[in-house]
Structures are given as C-alpha cells and as structure tokens.
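Visitor: Before we start, here is the structure in question, set down as structure tokens.
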Amino acid sequence: MSEDKPKTPPEEIAILVKRTGLNLTEEQFQALCESFDGFEQAAQRLRKGIERNDEPAFAFRLPK
Amino acid sequence: MATDDRCLLTIAEAGRLIKSKALSPIELIEAILARIEALDPLINSFVAVLSDQALAAARVAEKEIAAGRYLGPLHGIPYGLKDIIDTKDIATTSCSRLHAGRIPTDDATCVARLKESGAILLGKLSCQEFASNGPCFDLPWPPARNPWNTNHSPGGSSSGSGAAVAAGLAMAALGTDTGGSIRNPSSFCGLAGIKPTYGRVSRKGVIANSWTLDHVGPMTWTVEDCALMLQAIAGYDPDDPGSADKPAPDFTSGLEGGIKGLKVGLVRHFYEEDLPANDEVIGAMSAAAQVFSDLGARVEEMRLPPMVDYLDPRHIIGAAEMYAVHEQEFREHGANYGEMIRLRIASGALISAADYIQAQRKRLIMIKKTEKVLANFDVLLTANHYGPAGPLAGALKKAQTGLSITGVFNVTGHPALALCNGFSKSGLPLSMQIVGRYFDEPTVFRVGQAYERATPWRGQRPTLDRNSTITRAAN
C-alpha cells in the first residue's frame with residue numbers, strides 16, 4: 001500500500017456504507033467520513049514492519 | 001463507629017470486623033444504602049439500587065457468620081457491578097435503550113463467584129453505553145459524575161463503578177476494560193483498579209465490546225482490597241473461550257513483601273514524548289519513581305516501541321469486533337443506539353478483513369517486542385492518563401482513533417494496575433500504571449502495596465455534600 005495514500009473521498013465512503021447496508025443520516029455520514037480517515041491511516045501505518053511469515057495473534061497462546 | 005465511617009472502611013478492615021462480629025453485615029448494608037440514597041443523586045453512579053435484595057443477603061450473611069460459617073474476607077462486603085455484567089433475574093441494561101428491559105437468566109461467572117464468596121450486591125452501576133465511549137447525554141440514564149468535583153468526568157466506560165467506590169457508596173465494584181475502562185475511571189476517581197492478565201477473569205455473562213481486548217477486573221479504594229476482589233473472581237472458566245487455564249495464585253499473601261531489589265522499568269517516553277502529559281502528571285510520575293527508589297527498587301528508564309504502534313492495531317481490532325458484536329441489532333434498531341456509540345459501530349463496519357488480519361499480525365509483533373523488554377524487569381511503571389479528570393461536558397470526544405497509554409496493555413494483555421499517585425492543584429486525583437508480566441498480578445500488587453503504604457494519598461477522600469458541589473477533603 002502506498003505511503004501517501006490519499007484520503008478516501010466521501011463518495012467512495014458512501015459506496016462502502018451502502019455495501020454494509022447501514023442507513024445513516026447526513027449528519028452521521030459526515031461524522032463517519034471524518035473518523036474513517038483516522039482508521040485508514042491506522043490501517044496503513046500498522047502494515048509497516050510485518051514480515052511475510054508473521055502470523056496473526058489469534059494463532060498465539062499465552063504461556064501457561 | 002459513625003454511620004458514614006463504616007461506609008468508608010476498606011474491605012480488609014470491614015472484613016476483619018465482620019469476622020470478629022464487631023460489625024453487623026445488616027448494619028453495614030443499612031448504612032451504605034442510606035448513604036447511597038443521600039448522595040448518589042449528586043453523582044448518578046447507580047442505575048439500579050437493589051435495596052431489598054441487599055438487605056436480604058445481609059440477613060443471610062449475619063446468620064451464616066453467627067453459625068460459624070464464615071466464607072472469607074468478602075463475606076458481608078457490599079459491592080456494585082458495571083451494568084454490562086449479567087445478573088440473574090435483575091435487569092442488565094448496558095446503559096442502552098436497546099437493552100432497557102433485558103433480564104438475564106443467569107449470573108455472569110464473576111457474579112456467581114462473588115456470590116460464593118458472600119459478597120453482597122448493592123446494585124448495577126452506570127457505564128458508557130455498551131462500554132464504549134462517552135459521556136453520553138442522550139440516554140435514559142444521566143452520565144455519572146466525579147465525586148471529587150461533580151462538574152468533572154469520572155472517566156469511563158466504568159464510570160459509575162469509579163464514582164461509587166470513590167464516594168463510599170460501595171466498597172468495591174467490577175468494571176471492564178477494553179482500552180482503559182477500568183484504569184481511566186480508577187485514575188480520575190483516585191482508586192486502585194486492575195486490568196488483570198487477559199483471560200485471568202472469565203468474561204462469560206459480560207456483554208462483549210471486543211473479544212480480543214476485553215478484560216474484567218475490580219476497582220477498589222486500596223491495593224489490598226483489589227487483590228481480595230481479584231482472588232474471588234479469578235480462575236479458569238471453561239465457558240469462556242478466552243479464559244486462561246491457569247490456576248489463580250494467592251494474590252494477597254505476598255503483599256507486604258516490599259520491593260527491595262525489584263527491577264522497575266520506567267516508560268517515560270509514553271507520557272513525555274508519545275502523548276505528552278501535563279506538568280502535574282509528569283511531576284507525580286517523577287515523585288513516584290523516587291518513592292520506588294527510596295523503597296529499594298532499581299528504577300531504570302527504558303523504552304517500549306512507540307505508543308502508536310500499539311494503538312493502530314487496537315483501533316482496527318476494537319472497531320471491527322465491536323461492529324461484529326452489534327451488526328444485526330445495529331441494522332435493525334440503529335435508532336436505539338446513542339450518538340456516541342453509533343459512530344463507533346458504523347466506523348467498524350467499514351474495516352476490511354485484510355485490515356483486521358494485518359492488525360492481528362501487528363498485535364503479535366507488539367506482544368513479542370513487549371515481552372522481550374519486560375523480560376529484563378519485574379514490572380513497568382508509566383502514567384495512566386495525560387491529565388486529571390476534565391470537565392464532564394467537555395469530555396465528549398467524537399474522535400475514534402487516538403493515543404492512549406492504557407490501550408497499550410489491552411493489545412498485549414499484560415496485567416496493569418492503576419494507582420493514585422497524587423493530586424492536582426485543583427484537587428483531582430493523578431494516577432500511574434504498574435504493569436506486570438503475564439499472570440504475575442502478585443508482583444504488581446506487591447509493588448502497588450509498597451507504594452501505597454509509603455505515600456499519604458489514601459488519607460484523602462472526596463467529601464460529598466448534598467447542598468453543594470464537591471471539594472476534596474482530608475479525613
């Protein structure tokens with residue numbers, strides 16, 4: 001994923017919302033667009049440093 | 001002993017008096033119910049007070065104890081439950097319109113265990129809706145207020161739990177913690193509150209927020225009381241898939257062991273660089289580190305990975321799992337959710353499967369990095385929050401992502417104890433976190449106990465006055 005992924009425009013977020021089947025008011029949609037950027041940035045940042053063989057944590061068991 | 005003095009006893013103190021029959025459970029429950037009636041309107045910590053049931057349980061406790069059937073240090077002790085924890089035949093609302101009439105048919109495992117210990121349930125405590133964020137002003141229940149200053153937030157999401165214990169309306173409370181919801185109200189209300197190791201306490205019968213990140217734990221006035229409560233509720237539960245098959249050790253026997261020679265790793269960068277705290281927090285942390293040194297611990301500044309590396313996966317995992325929990329009800333009854341949680345749930349709906357899995361991969365990397373560092377120390381010490389409690393109205397936060405010192409240890413699952421380490425100039429509690437190795441709550445408690453004994457903070461309780469807003473008062 002590109003380091004400088006541009007902010008997702010509202011019209012694309014609207015498509016994502018439609019696919020989920022959620023019914024949002026205009027005000028709720030605007031609030032969602034604002035918060036979505038934070039999640040997108042988090043999703044992009046967290047991918048740094050993950051190696052091919054790294055497994056998800058649900059494959060991990062805390063030591064007994 | 002004056003009525004109110006009894007309400008302000010610690011569990012350990014009250015337990016000794018009850019055991020020796022110097023204190024009647026009935027008189028204790030009557031006193032505390034009277035205090036709740038008089039003072040809870042100031043702080044809205046309870047959503048339901050179970051007076052009849054509590055008094056009935058107290059009468060049973062008194063009979064049992066008189067007959068020589070003393071169950072242990074929690075027998076006859078009054079406590080409250082965050083209202084996302086199921087209670088059989090008693091409404092459990094999650095402080096949501098959606099669950100307003102919900103009556104569980106079974107007790108949560110932690111509740112059943114507290115019953116077995118003889119503890120007495122006073123009522124259900126206010127929380128932020130479905131243990132999410134807040135405060136929430138658009139719900140049938142007004143948000144809880146901070147007993148140290150009722151214009152200020154008690155923190156959340158275990159807001160009522162924090163407020164009730166600090167105000168002396170319960171000797172203990174259970175909360176839940178997905179990103180700081182035990183530790184933040186403990187911090188803002190001046191309590192000892194522990195998020196135990198992931199899996200240490202069963203979550204069966206507790207409404208889920210995020211299965212990866214959820215923990216259940218006690219909130220009390222003192223470290224010893226916290227250890228006593230954890231003793232009652234900890235242990236394997238085959239009905240909770242996340243429960244750790246690990247026997248609970250004795251959390252209290254080593255409390256007075258001191259901390260001479262213990263290695264304490266000070267994670268200063270969390271609260272001075274990653275998320276700079278205010279001067280009072282920084283000052284309190286420096287003073288606390290000095291107390292540990294004076295007690296003989298070896299305090300060494302060290303570094304964990306940047307906080308953002310923990311919080312990025314936390315936000316993705318937390319939002320996605322919260323959406324999964326609420327997906328059907330949100331689609332069908334979305335209007336019944338409050339404004340704050342509606343945004344959080346909707347945000348989770350947009351997270352892709354790939355984002356979620358990458359977040360879980362990153363989580364494991366962060367666990368391993370943290371374990372590698374923690375192997376060199378007995379405990380870590382860091383701040384709990386970047387400032388004292390803010391004004392209640394101003395606490396409304398719509399941002400869904402951001403840094404938090406507490407959320408780090410939800411990602412890794414290490415036990416983390418929030419403990420008062422001073423007061424701000426305005427009289428509000430300040431707090432720190434003591435973080436231990438997996439399942440090493442005994443050491444965490446031992447360190448907390450040593451600090452608590454060496455400092456004066458337990459001598460200060462909030463004073464609630466029916467006729468005025470609260471100010472801090474010394475005992």
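Going by the structure tokens order, chains are called A, B, ..., each with residues numbered from 1, while ligands are numbered from 1 in the order shown.
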Return as a count of residues only the residues belonging to chain B that are within 7 Å of chain A, counting only C-alpha atoms.

Guide: 22

Visitor: Could you list, as a list in words, every residue within 10 Å of Arg298 of chain B, counting only C-alpha atoms and ignoring same-chain residues fewer than 6 positions away?

Guide: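 Here the answer would be Ile259, Lys260, Gly261, Leu262, Lys263, Val264, Gly265, Ala289, Phe292, Phe377 and Asp378 of chain B.
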
Visitor: I'd like the interatomic distance between atom CA of Thr93 of chain B and atom CA of Val408 of chain B, to a tenth of an Å.

Guide: 28.6 Å

Visitor: Give me the residues near Val165 of chain B as a PyMOL selection string, where near means some atom within 12 Å (using only C-alpha atoms) and where sequence neighbours in that chain fewer than 5 positions away do not count.

Guide: chain B and resi 7-11+32+36+40+43+45-46+78-82+122+125+146-148+154+158-160+170-175+185-186+188-193+218-222+225-226+461-462

Visitor: My list of candidates is B:Ser24, B:Ser426, B:Ser404, B:Ser126. Which is closest to Asp274 of chain B when distances are computed with only C-alpha atoms?

Guide: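 Smallest distance to Asp274 of chain B is found for B:Ser404.
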
Visitor: I want to know what sits within 10 Å of His215 of chain B, based on only C-alpha atoms, with residues of the same chain fewer than 2 positions away left out; could you give that as a count of residues only?

Guide: 30

Visitor: Residues of segment 29-111 of chain B in strand (DSSP E) according to DSSP, as an MDAnalysis selection string?

Guide: chainID B and resid 46:49 78:82

Visitor: Can I get the selection written as an mmCIF file, in the first residue's frame, with N, CA and C atoms?

Guide:
```
data_model
loop_
_atom_site.group_PDB
_atom_site.id
_atom_site.type_symbol
_atom_site.label_atom_id
_atom_site.label_comp_id
_atom_site.auth_asym_id
_atom_site.auth_seq_id
_atom_site.Cartn_x
_atom_site.Cartn_y
_atom_site.Cartn_z
ATOM 1 N N PHE B 46 -25.351 4.934 40.318
ATOM 2 C CA PHE B 46 -26.177 3.737 40.206
ATOM 3 C C PHE B 46 -27.274 3.922 39.154
ATOM 4 N N VAL B 47 -27.534 2.851 38.383
ATOM 5 C CA VAL B 47 -28.732 2.836 37.539
ATOM 6 C C VAL B 47 -29.843 2.042 38.222
ATOM 7 N N ALA B 48 -29.467 1.168 39.136
ATOM 8 C CA ALA B 48 -30.473 0.409 39.892
ATOM 9 C C ALA B 48 -29.880 0.057 41.249
ATOM 10 N N VAL B 49 -30.566 0.433 42.303
ATOM 11 C CA VAL B 49 -30.146 0.072 43.659
ATOM 12 C C VAL B 49 -31.032 -1.077 44.128
ATOM 13 N N PRO B 78 -20.233 -5.083 50.773
ATOM 14 C CA PRO B 78 -21.095 -4.539 49.709
ATOM 15 C C PRO B 78 -20.302 -4.103 48.473
ATOM 16 N N TYR B 79 -20.805 -4.477 47.312
ATOM 17 C CA TYR B 79 -20.130 -4.106 46.072
ATOM 18 C C TYR B 79 -21.163 -3.768 45.001
ATOM 19 N N GLY B 80 -20.672 -3.142 43.928
ATOM 20 C CA GLY B 80 -21.537 -2.822 42.795
ATOM 21 C C GLY B 80 -20.987 -3.421 41.514
ATOM 22 N N LEU B 81 -21.849 -3.535 40.522
ATOM 23 C CA LEU B 81 -21.496 -4.149 39.244
ATOM 24 C C LEU B 81 -21.757 -3.196 38.083
ATOM 25 N N LYS B 82 -20.772 -3.057 37.229
ATOM 26 C CA LYS B 82 -20.982 -2.309 35.983
ATOM 27 C C LYS B 82 -22.150 -2.950 35.246
#
```

Visitor: Figure out the distance between atom CA of Leu403 of chain B and atom CA of Met307 of chain B, please, to one decimal in Å.

Guide: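 So the two atoms, atom CA of Met307 of chain B and atom CA of Leu403 of chain B, lie 6.9 Å apart.
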
Visitor: Check the smallest atom-to-atom distance from each of B:Val444, B:Leu392, B:Ala100, B:Leu430 to Asn149 of chain B using only C-alpha atoms, then report the winner.

Guide: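 The shortest atom-to-atom distance to Asn149 of chain B comes from B:Leu392.
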
Visitor: Report, in Å with one decimal, the straight-line distance from atom CA of Gln30 of chain A to atom CA of Pro6 of chain A.

Guide: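 About the pair atom CA of Gln30 of chain A and atom CA of Pro6 of chain A: they are 17.8 Å apart.
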
Visitor: Just want the 12 Å neighbourhood of Asp279 of chain B, counted on only C-alpha atoms, with same-chain residues fewer than 6 positions away dropped. Output as a list of chain:residue names.

Guide: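 What passes the distance filter is B:Tyr271, B:Glu272, B:Met285, B:Ser286, B:Tyr386, B:Gly387, B:Pro388, B:Ser424, B:Lys425, B:Leu430.
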
Visitor: May I have the residues within 6 Å of segment 445-454 of chain B as a list in words, using only C-alpha atoms and disregarding those fewer than 6 positions away in the same chain?

Guide: Val223, Leu255 and Gly258 of chain B

Visitor: Just N, CA, C and O atoms for this one: save the residues we selected as a PDB file, in the first residue's frame.

Guide:
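Below is the file that was written, result_24.pdb:
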```
ATOM      1  N   VAL B 223      -5.038  -1.160  47.297  1.00  0.00           N
ATOM      2  CA  VAL B 223      -4.431  -2.281  46.578  1.00  0.00           C
ATOM      3  C   VAL B 223      -4.835  -3.603  47.221  1.00  0.00           C
ATOM      4  O   VAL B 223      -5.184  -4.569  46.533  1.00  0.00           O
ATOM      5  N   LEU B 255       1.760  -9.473  49.784  1.00  0.00           N
ATOM      6  CA  LEU B 255       1.542  -8.026  49.663  1.00  0.00           C
ATOM      7  C   LEU B 255       2.544  -7.196  50.442  1.00  0.00           C
ATOM      8  O   LEU B 255       2.935  -6.117  50.014  1.00  0.00           O
ATOM      9  N   GLY B 258       7.510  -6.055  50.290  1.00  0.00           N
ATOM     10  CA  GLY B 258       8.458  -4.989  49.950  1.00  0.00           C
ATOM     11  C   GLY B 258       8.995  -5.142  48.533  1.00  0.00           C
ATOM     12  O   GLY B 258       8.758  -6.151  47.862  1.00  0.00           O
TER      13      GLY B 258
END
```

Visitor: Could you write out, as a VMD selection string, all the residues of chain A that DSSP marks as helix (DSSP H, G or I)?

Guide: chain A and resid 10 to 20 26 to 46 57 to 59
